[in-house]
file entry_39.cif (mmCIF, C-alpha atoms)
data_upload
loop_
_atom_site.label_atom_id
_atom_site.label_comp_id
_atom_site.auth_asym_id
_atom_site.auth_seq_id
_atom_site.Cartn_x
_atom_site.Cartn_y
_atom_site.Cartn_z
CA MET A 283 0.00 0.00 0.00
CA ARG A 284 1.60 3.25 -1.16
CA ARG A 285 0.72 6.29 0.94
CA ILE A 286 -0.23 9.25 -1.29
CA LEU A 287 -0.34 12.62 0.48
CA VAL A 288 -2.06 15.56 -1.22
CA VAL A 289 -1.07 18.96 0.19
CA GLY A 290 -3.94 21.35 -0.48
CA GLY A 291 -7.61 20.77 -1.26
CA GLY A 292 -8.13 23.33 -4.02
CA TYR A 293 -8.93 22.55 -7.66
CA ALA A 294 -5.82 20.53 -8.44
CA GLY A 295 -5.70 18.74 -5.09
CA PHE A 296 -9.39 17.88 -5.00
CA TYR A 297 -9.44 16.58 -8.57
CA THR A 298 -6.25 14.56 -8.02
CA ALA A 299 -7.69 12.79 -4.97
CA TRP A 300 -11.16 12.45 -6.53
CA LYS A 301 -9.87 10.86 -9.73
CA LEU A 302 -7.38 8.63 -7.90
CA GLU A 303 -10.26 7.18 -5.89
CA GLY A 304 -11.89 6.08 -9.12
CA MET A 305 -8.71 4.77 -10.74
CA LEU A 306 -6.99 2.87 -7.94
CA ARG A 307 -8.11 -0.25 -6.17
CA ARG A 308 -8.39 -0.09 -2.41
CA ASP A 309 -5.31 -2.29 -2.02
CA GLU A 310 -3.14 -0.11 -4.31
CA ALA A 311 -2.82 3.07 -2.25
CA GLU A 312 -3.97 5.05 0.75
CA ILE A 313 -4.90 8.66 -0.07
CA THR A 314 -4.69 11.51 2.44
CA ILE A 315 -5.44 15.19 1.83
CA VAL A 316 -4.42 18.05 4.12
CA ASP A 317 -6.16 21.43 4.02
CA PRO A 318 -7.22 23.92 6.72
CA ARG A 319 -10.64 24.31 5.08
CA PRO A 320 -13.06 21.36 4.91
CA TYR A 321 -14.05 22.19 1.35
CA MET A 322 -12.83 23.10 -2.11
CA THR A 323 -13.85 26.61 -3.17
CA TYR A 324 -15.07 26.94 -6.74
CA GLN A 325 -13.62 30.42 -7.14
CA PRO A 326 -15.27 31.38 -10.48
CA PHE A 327 -18.57 31.50 -8.58
CA LEU A 328 -17.34 33.93 -5.90
CA PRO A 329 -18.40 37.08 -7.81
CA GLU A 330 -21.93 35.66 -8.05
CA VAL A 331 -21.85 34.72 -4.38
CA ALA A 332 -20.92 38.33 -3.62
CA ALA A 333 -23.86 39.50 -5.75
CA GLY A 334 -26.32 37.07 -4.18
CA SER A 335 -26.87 35.08 -7.39
CA ILE A 336 -25.52 31.86 -5.85
CA GLU A 337 -25.91 30.48 -2.35
CA ALA A 338 -22.52 30.58 -0.63
CA ARG A 339 -22.48 26.89 0.32
CA HIS A 340 -23.08 25.89 -3.30
CA ALA A 341 -19.72 27.38 -4.31
CA ALA A 342 -17.97 25.06 -1.85
CA VAL A 343 -17.49 21.32 -2.40
CA SER A 344 -17.14 19.31 0.80
CA LEU A 345 -13.95 17.25 0.96
CA ARG A 346 -15.37 14.66 3.33
CA GLY A 347 -18.69 14.56 1.50
CA HIS A 348 -17.19 13.73 -1.90
CA LEU A 349 -13.82 12.09 -1.17
CA ARG A 350 -15.19 8.86 0.25
CA ARG A 351 -11.93 6.87 0.28
CA THR A 352 -9.59 9.73 1.19
CA SER A 353 -8.51 10.57 4.73
CA VAL A 354 -8.97 14.29 5.40
CA ILE A 355 -6.68 16.11 7.84
CA PRO A 356 -8.08 19.58 8.71
CA ALA A 357 -4.80 21.39 9.30
CA THR A 358 -2.24 23.68 7.71
CA VAL A 359 0.97 22.25 6.32
CA THR A 360 3.86 24.29 7.74
CA SER A 361 6.81 22.47 6.12
CA ILE A 362 7.60 19.72 3.62
CA ASP A 363 10.73 17.60 4.09
CA HIS A 364 10.96 15.30 1.10
CA SER A 365 14.34 13.93 2.20
CA THR A 366 12.54 12.14 5.05
CA LYS A 367 9.17 12.03 3.26
CA THR A 368 7.33 13.83 6.03
CA VAL A 369 5.27 16.99 6.31
CA THR A 370 4.61 18.99 9.45
CA VAL A 371 1.00 20.04 9.96
CA ALA A 372 -0.57 22.47 12.41
CA PRO A 373 -4.21 21.86 13.41
CA VAL A 374 -6.34 24.60 14.92
CA ASP A 375 -6.30 22.77 18.25
CA GLY A 376 -3.41 20.80 19.68
CA PRO A 377 0.28 20.67 18.86
CA GLU A 378 1.90 20.26 15.46
CA PHE A 379 2.59 16.73 14.25
CA THR A 380 4.20 15.03 11.28
CA VAL A 381 2.61 12.92 8.57
CA GLY A 382 4.62 10.43 6.55
CA TYR A 383 4.09 9.54 2.92
CA ASP A 384 5.48 7.55 0.02
CA ILE A 385 4.26 9.88 -2.73
CA ILE A 386 3.55 13.58 -2.29
CA VAL A 387 1.32 15.79 -4.42
CA VAL A 388 1.89 19.52 -3.84
CA THR A 389 -1.23 21.48 -4.77
CA ALA A 390 -1.17 24.12 -2.05
CA GLY A 391 -2.27 26.91 -4.40
CA ALA A 392 -1.39 30.58 -4.19
CA VAL A 393 -2.28 33.25 -1.62
CA THR A 394 -3.56 36.79 -2.04
CA ARG A 395 -0.74 39.20 -2.78
CA THR A 396 -0.75 42.32 -0.61
CA PHE A 397 1.51 45.31 -0.12
CA PRO A 398 2.35 47.45 2.94
CA ILE A 399 -0.24 50.09 2.03
CA PRO A 400 -1.52 52.12 5.00
CA GLY A 401 -5.00 51.00 6.00
CA LEU A 402 -5.14 48.06 3.55
CA SER A 403 -5.04 45.25 6.13
CA GLU A 404 -7.55 47.07 8.36
CA HIS A 405 -10.19 47.95 5.77
CA ALA A 406 -9.88 45.82 2.62
CA ILE A 407 -11.47 42.44 1.92
CA GLY A 408 -10.10 39.86 -0.51
CA MET A 409 -12.15 37.72 -2.90
CA LYS A 410 -10.44 34.35 -2.82
CA HIS A 411 -12.62 32.47 -0.34
CA VAL A 412 -16.33 31.98 0.24
CA GLU A 413 -16.22 33.81 3.57
CA GLU A 414 -14.87 36.91 1.87
CA ALA A 415 -17.51 36.89 -0.87
CA VAL A 416 -20.27 36.56 1.74
CA ALA A 417 -18.82 39.42 3.79
CA ILE A 418 -18.66 41.64 0.70
CA ARG A 419 -22.30 40.95 -0.14
CA ASP A 420 -23.54 41.53 3.41
CA ARG A 421 -21.48 44.69 3.81
CA LEU A 422 -22.94 46.18 0.63
CA LEU A 423 -26.52 45.26 1.56
CA THR A 424 -26.10 46.67 5.06
CA ALA A 425 -24.66 49.89 3.61
CA PHE A 426 -27.86 50.41 1.63
CA ASP A 427 -29.97 49.98 4.77
CA ARG A 428 -27.87 52.47 6.70
CA ALA A 429 -27.71 54.99 3.86
CA SER A 430 -31.48 54.93 3.30
CA VAL A 431 -32.15 56.77 6.58
CA LEU A 432 -29.38 59.37 6.20
CA PRO A 433 -29.65 62.80 4.59
CA GLU A 434 -27.46 63.64 1.63
CA GLY A 435 -23.90 64.22 2.73
CA ALA A 436 -20.45 62.75 3.20
CA GLU A 437 -21.57 59.87 5.43
CA ARG A 438 -24.21 58.62 2.98
CA THR A 439 -21.82 59.05 0.05
CA LYS A 440 -19.17 56.95 1.76
CA LEU A 441 -21.63 54.14 2.52
CA LEU A 442 -22.57 53.91 -1.16
CA THR A 443 -19.00 54.06 -2.47
CA VAL A 444 -17.24 50.85 -3.49
CA ALA A 445 -13.60 50.49 -4.58
CA VAL A 446 -12.28 47.31 -6.21
CA VAL A 447 -8.50 47.21 -6.61
CA GLY A 448 -7.24 44.89 -9.35
CA GLY A 449 -8.34 44.61 -12.97
CA GLY A 450 -7.85 40.89 -13.52
CA PHE A 451 -10.70 38.42 -13.89
CA SER A 452 -11.52 38.28 -10.17
CA GLY A 453 -11.59 42.04 -9.86
CA VAL A 454 -13.55 42.79 -13.03
CA GLU A 455 -16.10 40.02 -12.49
CA GLY A 456 -16.57 40.97 -8.85
CA PHE A 457 -16.85 44.65 -9.78
CA GLY A 458 -19.40 43.99 -12.52
CA GLU A 459 -21.55 41.76 -10.32
CA LEU A 460 -21.51 44.21 -7.39
CA LEU A 461 -22.43 47.09 -9.71
CA SER A 462 -25.29 45.00 -11.08
CA LEU A 463 -26.50 44.18 -7.56
CA ALA A 464 -26.30 47.81 -6.40
CA THR A 465 -28.20 49.06 -9.44
CA ALA A 466 -30.94 46.47 -8.90
CA LEU A 467 -31.19 47.33 -5.20
CA LEU A 468 -32.31 50.88 -6.02
CA LYS A 469 -35.76 49.51 -6.87
CA SER A 470 -36.15 48.49 -3.23
CA TYR A 471 -34.75 51.74 -1.85
CA PRO A 472 -36.81 54.70 -3.12
CA GLU A 473 -34.86 56.94 -0.73
CA LEU A 474 -31.72 56.48 -2.83
CA ARG A 475 -30.87 57.48 -6.40
CA PHE A 476 -28.48 56.07 -8.98
CA SER A 477 -26.41 59.24 -8.69
CA ASP A 478 -25.74 58.35 -5.03
CA LEU A 479 -23.70 55.32 -6.10
CA ALA A 480 -19.95 55.54 -6.75
CA PHE A 481 -18.15 52.43 -8.02
CA HIS A 482 -14.39 52.68 -8.58
CA LEU A 483 -12.26 50.06 -10.36
CA VAL A 484 -8.54 50.66 -9.79
CA GLU A 485 -5.89 49.00 -11.97
CA ALA A 486 -2.16 49.73 -11.87
CA SER A 487 -1.52 48.87 -15.53
CA GLY A 488 -2.93 50.63 -18.56
CA ARG A 489 -5.58 47.96 -19.27
CA ILE A 490 -7.84 45.43 -17.59
CA LEU A 491 -8.38 41.72 -18.24
CA PRO A 492 -4.90 40.80 -19.53
CA GLU A 493 -6.27 37.36 -20.46
CA VAL A 494 -8.20 38.89 -23.39
CA THR A 495 -6.77 40.94 -26.24
CA GLU A 496 -6.61 44.71 -26.08
CA LYS A 497 -9.73 45.56 -28.08
CA PRO A 498 -12.16 43.45 -25.98
CA GLY A 499 -10.47 44.85 -22.87
CA ARG A 500 -11.25 48.40 -24.03
CA TRP A 501 -14.84 47.34 -24.73
CA VAL A 502 -15.22 46.14 -21.13
CA VAL A 503 -13.97 49.51 -19.83
CA ARG A 504 -16.47 51.40 -22.02
CA HIS A 505 -19.25 49.01 -21.00
CA LEU A 506 -18.58 49.56 -17.29
CA GLU A 507 -18.33 53.33 -17.71
CA GLU A 508 -21.66 53.40 -19.58
CA ARG A 509 -23.17 51.74 -16.51
CA GLY A 510 -21.85 54.54 -14.30
CA ALA A 511 -18.57 53.02 -13.14
CA LEU A 512 -15.34 54.96 -12.66
CA VAL A 513 -12.38 53.03 -14.08
CA HIS A 514 -8.93 54.23 -12.97
CA LEU A 515 -6.24 52.79 -15.27
CA GLY A 516 -2.55 53.31 -14.60
CA SER A 517 -3.42 54.07 -11.00
CA GLN A 518 -2.12 52.55 -7.78
CA LEU A 519 -3.63 52.53 -4.30
CA LEU A 520 -1.40 54.57 -1.98
CA SER A 521 -3.52 54.61 1.18
CA ALA A 522 -6.81 53.34 2.56
CA GLU A 523 -6.61 54.64 6.12
CA ASP A 524 -10.04 54.98 7.74
CA GLY A 525 -11.56 54.06 4.39
CA HIS A 526 -10.13 57.17 2.73
CA VAL A 527 -8.76 56.01 -0.62
CA VAL A 528 -5.78 57.86 -2.06
CA LEU A 529 -4.64 56.98 -5.59
CA SER A 530 -1.30 57.63 -7.26
CA THR A 531 -3.07 59.89 -9.77
CA GLY A 532 -3.97 62.27 -6.96
CA GLU A 533 -7.63 61.27 -6.79
CA GLU A 534 -9.13 60.76 -3.35
CA PHE A 535 -12.48 59.52 -2.06
CA ASP A 536 -14.02 57.77 0.94
CA ALA A 537 -15.20 54.17 0.45
CA HIS A 538 -17.16 52.00 2.85
CA LEU A 539 -16.28 48.84 0.92
CA ILE A 540 -12.76 48.18 -0.42
CA VAL A 541 -12.15 44.89 -2.24
CA TRP A 542 -8.57 43.83 -2.96
CA THR A 543 -7.99 41.48 -5.92
CA ALA A 544 -4.58 42.67 -7.08
CA GLY A 545 -3.01 39.35 -7.93
CA ASN A 546 -1.65 36.24 -6.22
CA ALA A 547 1.61 35.47 -4.46
CA ALA A 548 3.49 32.22 -3.93
CA ASN A 549 2.32 30.04 -1.09
CA PRO A 550 4.89 30.67 1.67
CA VAL A 551 5.03 26.98 2.61
CA VAL A 552 6.07 26.08 -0.92
CA ALA A 553 8.30 29.10 -1.43
CA LYS A 554 10.19 28.98 1.88
CA HIS A 555 9.55 25.78 3.84
CA THR A 556 10.36 22.85 1.60
CA ASP A 557 13.40 21.11 0.19
CA LEU A 558 11.66 20.59 -3.15
CA PRO A 559 13.11 22.70 -6.00
CA VAL A 560 11.36 26.05 -6.51
CA ASN A 561 11.95 28.87 -8.99
CA ALA A 562 12.55 32.55 -8.30
CA ARG A 563 8.81 33.18 -7.92
CA GLY A 564 8.44 30.49 -5.27
CA SER A 565 6.67 27.94 -7.50
CA VAL A 566 7.58 24.25 -7.53
CA ILE A 567 9.62 23.33 -10.61
CA VAL A 568 7.89 20.51 -12.49
CA ARG A 569 8.32 18.66 -15.74
CA ALA A 570 5.68 18.46 -18.46
CA ASP A 571 4.35 15.22 -16.92
CA LEU A 572 3.87 17.08 -13.59
CA ARG A 573 6.72 15.30 -11.80
CA VAL A 574 8.74 17.62 -9.59
CA GLY A 575 12.18 18.50 -10.94
CA THR A 576 13.60 18.69 -14.43
CA ASP A 577 14.22 16.14 -17.18
CA GLU A 578 17.88 16.04 -16.10
CA GLU A 579 17.17 15.98 -12.35
CA PRO A 580 13.76 14.48 -11.56
CA VAL A 581 12.62 14.21 -7.95
CA GLN A 582 11.30 10.74 -7.23
CA ASP A 583 7.82 10.32 -5.71
CA ALA A 584 7.01 14.04 -5.87
CA TRP A 585 4.36 15.69 -8.05
CA ALA A 586 2.86 19.16 -8.22
CA ALA A 587 0.15 21.05 -10.10
CA GLY A 588 -2.05 24.12 -9.90
CA ASP A 589 -1.17 27.67 -8.92
CA ASP A 590 1.88 26.67 -6.86
CA ALA A 591 3.57 24.82 -9.74
CA ALA A 592 5.54 26.14 -12.73
CA VAL A 593 4.02 23.76 -15.30
CA PRO A 594 5.58 23.95 -18.80
CA ASP A 595 3.03 25.19 -21.33
CA LEU A 596 3.46 22.83 -24.27
CA ALA A 597 0.72 24.65 -26.20
CA SER A 598 2.65 27.93 -26.16
CA THR A 599 5.10 28.99 -28.83
CA VAL A 600 7.08 31.03 -26.29
CA PRO A 601 10.20 29.16 -25.09
CA GLY A 602 10.08 28.41 -21.37
CA ALA A 603 6.44 29.50 -20.99
CA THR A 604 4.44 28.08 -18.09
CA THR A 605 0.70 27.60 -17.85
CA VAL A 606 -1.44 30.48 -16.60
CA PRO A 607 -2.50 29.95 -12.96
CA ASN A 608 -6.24 29.63 -13.46
CA ALA A 609 -9.05 27.16 -12.77
CA GLN A 610 -9.11 25.83 -16.32
CA HIS A 611 -5.53 24.56 -16.02
CA ALA A 612 -5.71 23.49 -12.37
CA VAL A 613 -8.71 21.21 -12.95
CA ARG A 614 -7.17 19.55 -15.99
CA GLN A 615 -3.75 19.26 -14.36
CA GLY A 616 -5.36 17.51 -11.40
CA LYS A 617 -7.01 14.99 -13.72
CA ARG A 618 -3.77 14.38 -15.66
CA LEU A 619 -1.77 14.13 -12.44
CA ALA A 620 -4.10 11.41 -11.11
CA LYS A 621 -3.75 9.44 -14.35
CA ASN A 622 0.04 9.77 -14.25
CA ILE A 623 0.33 8.63 -10.63
CA ALA A 624 -1.91 5.64 -11.36
CA ALA A 625 0.21 4.83 -14.41
CA THR A 626 3.50 4.90 -12.52
CA LEU A 627 2.09 2.71 -9.74
CA ARG A 628 1.33 0.12 -12.41
CA GLY A 629 4.68 0.38 -14.16
CA GLU A 630 3.40 2.49 -17.05
CA GLN A 631 4.78 5.74 -18.43
CA PRO A 632 3.16 9.05 -17.46
CA LYS A 633 2.02 11.43 -20.20
CA PRO A 634 2.79 15.15 -20.48
CA TYR A 635 0.16 17.74 -19.66
CA LEU A 636 -1.02 19.49 -22.82
CA HIS A 637 -4.07 21.70 -22.94
CA ARG A 638 -4.98 24.35 -25.46
CA SER A 639 -7.16 27.10 -24.09
CA LEU A 640 -10.89 26.81 -24.64
CA GLY A 641 -11.12 30.57 -24.56
CA VAL A 642 -11.94 32.93 -21.72
CA VAL A 643 -15.37 33.94 -20.47
CA ALA A 644 -16.33 36.43 -17.78
CA THR A 645 -19.50 37.71 -16.19
CA LEU A 646 -19.97 41.48 -15.96
CA GLY A 647 -23.20 41.37 -14.02
CA LEU A 648 -26.64 39.86 -14.48
CA GLY A 649 -27.27 39.34 -18.19
CA ARG A 650 -23.89 40.78 -19.21
CA GLY A 651 -20.66 39.02 -20.12
CA ILE A 652 -17.75 38.66 -22.51
CA PHE A 653 -16.26 35.61 -24.24
CA GLN A 654 -13.16 35.36 -26.41
CA TYR A 655 -11.68 32.42 -28.27
CA ARG A 656 -8.77 33.52 -30.43
CA GLY A 657 -10.26 36.14 -32.78
CA ILE A 658 -13.89 35.40 -31.87
CA VAL A 659 -15.41 37.82 -29.36
CA ILE A 660 -18.97 37.58 -28.02
CA THR A 661 -20.44 40.13 -25.63
CA GLY A 662 -23.70 40.72 -23.83
CA LEU A 663 -26.42 38.25 -22.92
CA LEU A 664 -25.11 35.34 -25.01
CA ALA A 665 -21.65 35.57 -23.40
CA TRP A 666 -23.28 35.66 -19.97
CA VAL A 667 -25.30 32.52 -20.76
CA MET A 668 -22.10 30.86 -22.00
CA HIS A 669 -20.39 31.80 -18.73
CA ARG A 670 -23.11 30.22 -16.64
CA GLY A 671 -23.34 27.17 -18.86
CA TYR A 672 -19.61 26.52 -18.78
CA HIS A 673 -19.24 26.86 -15.03
CA VAL A 674 -22.31 24.83 -14.06
CA LEU A 675 -20.78 22.03 -16.15
CA ALA A 676 -17.30 22.60 -14.72
CA ILE A 677 -18.13 22.58 -11.01
CA PRO A 678 -17.54 19.03 -9.72
CA THR A 679 -20.30 16.59 -8.74
CA TRP A 680 -23.88 16.46 -10.01
CA GLU A 681 -25.14 17.42 -6.58
CA ARG A 682 -23.47 20.83 -6.81
CA LYS A 683 -24.47 21.34 -10.45
CA ILE A 684 -28.13 20.75 -9.63
CA ARG A 685 -28.10 22.99 -6.56
CA VAL A 686 -26.53 25.90 -8.46
CA PHE A 687 -28.84 25.47 -11.44
CA LEU A 688 -31.96 25.45 -9.25
CA VAL A 689 -30.90 28.68 -7.54
CA TRP A 690 -30.51 30.32 -10.95
CA VAL A 691 -33.93 29.04 -12.05
CA THR A 692 -35.74 30.36 -8.95
CA ALA A 693 -34.03 33.75 -9.38
CA VAL A 694 -35.74 34.27 -12.76
CA PRO A 695 -39.23 34.89 -11.30
CA PHE A 696 -38.20 36.02 -7.82
CA GLY A 697 -34.91 37.88 -8.31
CA ARG A 698 -31.96 37.95 -5.94
CA ASP A 699 -32.33 37.50 -2.20
CA ILE A 700 -31.40 40.89 -0.73
CA VAL A 701 -31.33 40.00 2.96
CA SER A 702 -28.06 40.87 4.70
CA LEU A 703 -26.84 38.43 7.34
CA LEU A 704 -23.90 40.51 8.47
CA SER A 705 -25.01 40.08 12.07
CA VAL A 706 -24.16 36.36 11.95
CA GLN A 707 -20.51 37.37 12.18
CA HIS A 708 -21.32 38.63 15.70
CA PRO A 709 -23.90 36.09 16.91
CA ARG A 710 -23.59 36.99 20.60
CA ASP A 711 -24.51 40.66 20.20
CA ALA A 712 -28.26 40.01 20.30
CA PHE A 713 -27.81 37.80 23.37
CA LEU A 714 -25.67 40.37 25.20
CA HIS A 715 -27.44 43.57 24.19
CA GLY A 716 -31.14 42.85 24.31
CA GLY A 717 -31.70 41.75 20.73
CA GLN A 718 -29.68 44.50 19.02
CA PRO A 719 -26.98 43.34 16.54
CA LEU A 720 -24.72 46.23 17.55
CA ALA A 721 -21.39 45.11 16.09
CA ALA A 722 -22.91 44.30 12.73
CA ALA A 723 -24.45 47.75 12.46
CA ALA A 724 -21.28 49.55 13.46
CA SER A 725 -18.97 50.97 10.84
CA GLY A 726 -15.38 49.87 10.35
CA ALA A 727 -13.62 46.85 8.96
CA SER A 728 -14.22 44.49 11.87
CA ASP A 729 -17.67 43.49 10.60
CA ALA A 730 -16.17 42.54 7.24
CA ARG A 731 -13.42 40.24 8.39
#
call {"tool": "encode", "arguments": {"input": "entry_39.cif", "output": "structure tokens"}}
result
Amino acid sequence: MRRILVVGGGYAGFYTAWKLEGMLRRDEAEITIVDPRPYMTYQPFLPEVAAGSIEARHAAVSLRGHLRRTSVIPATVTSIDHSTKTVTVAPVDGPEFTVGYDIIVVTAGAVTRTFPIPGLSEHAIGMKHVEEAVAIRDRLLTAFDRASVLPEGAERTKLLTVAVVGGGFSGVEGFGELLSLATALLKSYPELRFSDLAFHLVEASGRILPEVTEKPGRWVVRHLEERGALVHLGSQLLSAEDGHVVLSTGEEFDAHLIVWTAGNAANPVVAKHTDLPVNARGSVIVRADLRVGTDEEPVQDAWAAGDDAAVPDLASTVPGATTVPNAQHAVRQGKRLAKNIAATLRGEQPKPYLHRSLGVVATLGLGRGIFQYRGIVITGLLAWVMHRGYHVLAIPTWERKIRVFLVWVTAVPFGRDIVSLLSVQHPRDAFLHGGQPLAAAASGASDAR
């Protein structure tokens, strides 16, 4: 019985363990997965979770619920020592301990990249996990409630001002969905007007959505601006102290909600706490067949995939290119990795990972989207339908597909659910203060974390 240890339960890790369960007999290997969260987050759905178009739990796939033959360790891996084939893990409760293995699969993923910007850690929210998307949604809904009883002025303006920093897919999709939600909410708040809203998208480079070509990227900017958005290109966030946003262009404004999506950074465990070979960016060096190492110096019994691995892009014409760290690659790398591990256990040769892009598709809000495949660009309602169709097929397990689809169907006649549950982040307030959810109603970043 070979012991296979999967470090990380994201796309690549979940799919590796899931597919190995179906490929290997029970007497061929023991599979263990380590992750601090008990679920895999389907990140392409997070913008719709933030906008209330998808129930938060439906964007999360339970590890224990779907990995029936895999042992799940709810802990954080703090170091990987391949020379002794052990990893050190830290659970929430109790001391650290080591876990041994025969074969390791490193799929720890990336982390949100931040900078030492004043006020950023105190006031901004990321959009990489379900908890963050829920907090963003509840914070925006609560801001509308609070603003509806205030007279015109600086306090009401701040409550209805949103800043999203980062013009990649996460930032643009989240921005478009939040703008769509806010615009729709005005029907339920006759006290507020469209002119009261201020939505700012901040991007340091001169364009957004680098995954699409320049012309479609410009179309997205125009589309957002026509909907009332303020797009700041070539602009960096300098400060966010007390919610006061200062940009490198000299522009300043107060924002109640600041969402940070400005890229990913290497997982520190992979970058700094392992003896496996990593590149200058902190990603595990892998061969085309997803084995760790190089063709000249392979590392036995070590594999890696996903956002924490520098996987050679065999479909690219650029020498030395690696695959883009996105869900499309991570899912397919996980499937290929499982097939390769099963092959090597049976004395067969692993195959290289090769995947040509199926194109890119993004939601820009309810009924709005953009799709590009090479020179073909589709915008509007059809692209939005394609986005939903692709992702409901891509999310693992039929149980999750059906749940998500049913939520979308019920939203057609009834619309989004606009109830804020921000008070659940402070469940004892009502108990301690006579039924009043005080902390949830208070301003500041604490209710968003």
call {"tool": "resolve_selection", "arguments": {"input": "entry_39.cif", "expression": "the PyMOL selection byres ((chain A and resi 492) around 12)", "output": "PyMOL selection string"}}
result
chain A and resi 448-454+485+487-491+493-500+502+545+606+642
call {"tool": "atom_distance", "arguments": {"input": "entry_39.cif", "atom1": "CA of Leu519 in chain A", "atom2": "CA of Leu402 in chain A"}}
result
9.2 Å
call {"tool": "closest_residue", "arguments": {"input": "entry_39.cif", "among": "A:Ala466, A:Ala294, A:His505, A:Val551", "to": "Asp363 in chain A", "atoms": "only C-alpha atoms"}}
result
A:Val551
call {"tool": "residues_near_point", "arguments": {"input": "entry_39.cif", "point": "(-28.6, 29.7, -8.8)", "cutoff": "12 Å", "atoms": "all atoms listed in the file", "output": "PDB file with C-alpha atoms, keeping the file's coordinate frame"}}
result
ATOM      1  CA  PHE A 327     -18.570  31.500  -8.580  1.00  0.00           C
ATOM      2  CA  GLU A 330     -21.930  35.660  -8.050  1.00  0.00           C
ATOM      3  CA  VAL A 331     -21.850  34.720  -4.380  1.00  0.00           C
ATOM      4  CA  ALA A 333     -23.860  39.500  -5.750  1.00  0.00           C
ATOM      5  CA  GLY A 334     -26.320  37.070  -4.180  1.00  0.00           C
ATOM      6  CA  SER A 335     -26.870  35.080  -7.390  1.00  0.00           C
ATOM      7  CA  ILE A 336     -25.520  31.860  -5.850  1.00  0.00           C
ATOM      8  CA  GLU A 337     -25.910  30.480  -2.350  1.00  0.00           C
ATOM      9  CA  ALA A 338     -22.520  30.580  -0.630  1.00  0.00           C
ATOM     10  CA  ARG A 339     -22.480  26.890   0.320  1.00  0.00           C
ATOM     11  CA  HIS A 340     -23.080  25.890  -3.300  1.00  0.00           C
ATOM     12  CA  ALA A 341     -19.720  27.380  -4.310  1.00  0.00           C
ATOM     13  CA  LEU A 648     -26.640  39.860 -14.480  1.00  0.00           C
ATOM     14  CA  ARG A 670     -23.110  30.220 -16.640  1.00  0.00           C
ATOM     15  CA  GLY A 671     -23.340  27.170 -18.860  1.00  0.00           C
ATOM     16  CA  HIS A 673     -19.240  26.860 -15.030  1.00  0.00           C
ATOM     17  CA  VAL A 674     -22.310  24.830 -14.060  1.00  0.00           C
ATOM     18  CA  ARG A 682     -23.470  20.830  -6.810  1.00  0.00           C
ATOM     19  CA  LYS A 683     -24.470  21.340 -10.450  1.00  0.00           C
ATOM     20  CA  ILE A 684     -28.130  20.750  -9.630  1.00  0.00           C
ATOM     21  CA  ARG A 685     -28.100  22.990  -6.560  1.00  0.00           C
ATOM     22  CA  VAL A 686     -26.530  25.900  -8.460  1.00  0.00           C
ATOM     23  CA  PHE A 687     -28.840  25.470 -11.440  1.00  0.00           C
ATOM     24  CA  LEU A 688     -31.960  25.450  -9.250  1.00  0.00           C
ATOM     25  CA  VAL A 689     -30.900  28.680  -7.540  1.00  0.00           C
ATOM     26  CA  TRP A 690     -30.510  30.320 -10.950  1.00  0.00           C
ATOM     27  CA  VAL A 691     -33.930  29.040 -12.050  1.00  0.00           C
ATOM     28  CA  THR A 692     -35.740  30.360  -8.950  1.00  0.00           C
ATOM     29  CA  ALA A 693     -34.030  33.750  -9.380  1.00  0.00           C
ATOM     30  CA  VAL A 694     -35.740  34.270 -12.760  1.00  0.00           C
ATOM     31  CA  PHE A 696     -38.200  36.020  -7.820  1.00  0.00           C
ATOM     32  CA  GLY A 697     -34.910  37.880  -8.310  1.00  0.00           C
ATOM     33  CA  ARG A 698     -31.960  37.950  -5.940  1.00  0.00           C
ATOM     34  CA  ASP A 699     -32.330  37.500  -2.200  1.00  0.00           C
TER      35      ASP A 699
END
call {"tool": "atom_distance", "arguments": {"input": "entry_39.cif", "atom1": "CA of Arg421 in chain A", "atom2": "CA of Pro433 in chain A"}}
result
19.9 Å
call {"tool": "closest_atom_pairs", "arguments": {"input": "entry_39.cif", "of": "range 358-469 of chain A", "to": "range 561-574 of chain A", "cutoff": "10 Å", "atoms": "all atoms listed in the file", "output": "tab-separated table"}}
result
residue	atom	partner	partner_atom	distance
A:Ile386	CA	A:Val574	CA	9.8
A:Val387	CA	A:Arg573	CA	9.2
A:Val388	CA	A:Val566	CA	8.3
A:Thr389	CA	A:Val566	CA	9.6
A:Gly391	CA	A:Ser565	CA	9.5
A:Ala392	CA	A:Ser565	CA	9.1
call {"tool": "resolve_selection", "arguments": {"input": "entry_39.cif", "expression": "the PyMOL selection byres ((chain A and resi 583) around 6)", "output": "ChimeraX atom specification"}}
result
/A:385,582,584
call {"tool": "atom_distance", "arguments": {"input": "entry_39.cif", "atom1": "CA of Glu437 in chain A", "atom2": "CA of Thr531 in chain A"}}
result
23.9 Å
call {"tool": "residues_around", "arguments": {"input": "entry_39.cif", "residues": "range 554-556 of chain A", "least_positions_apart": "3", "cutoff": "9 Å", "atoms": "all atoms listed in the file", "output": "list in words"}}
result
Thr360, Ser361, Ile362, Asp363, His364, Asn549, Pro550, Val551, Pro559, Val560 and Gly564 of chain A
call {"tool": "closest_residue", "arguments": {"input": "entry_39.cif", "among": "A:Ser517, A:Thr626, A:Ser344, A:Gln631", "to": "Tyr324 in chain A", "atoms": "all atoms listed in the file"}}
result
A:Ser344
call {"tool": "closest_residue", "arguments": {"input": "entry_39.cif", "among": "A:Leu619, A:Glu473, A:Gly647, A:Val484", "to": "Phe296 in chain A", "atoms": "all atoms listed in the file"}}
result
A:Leu619
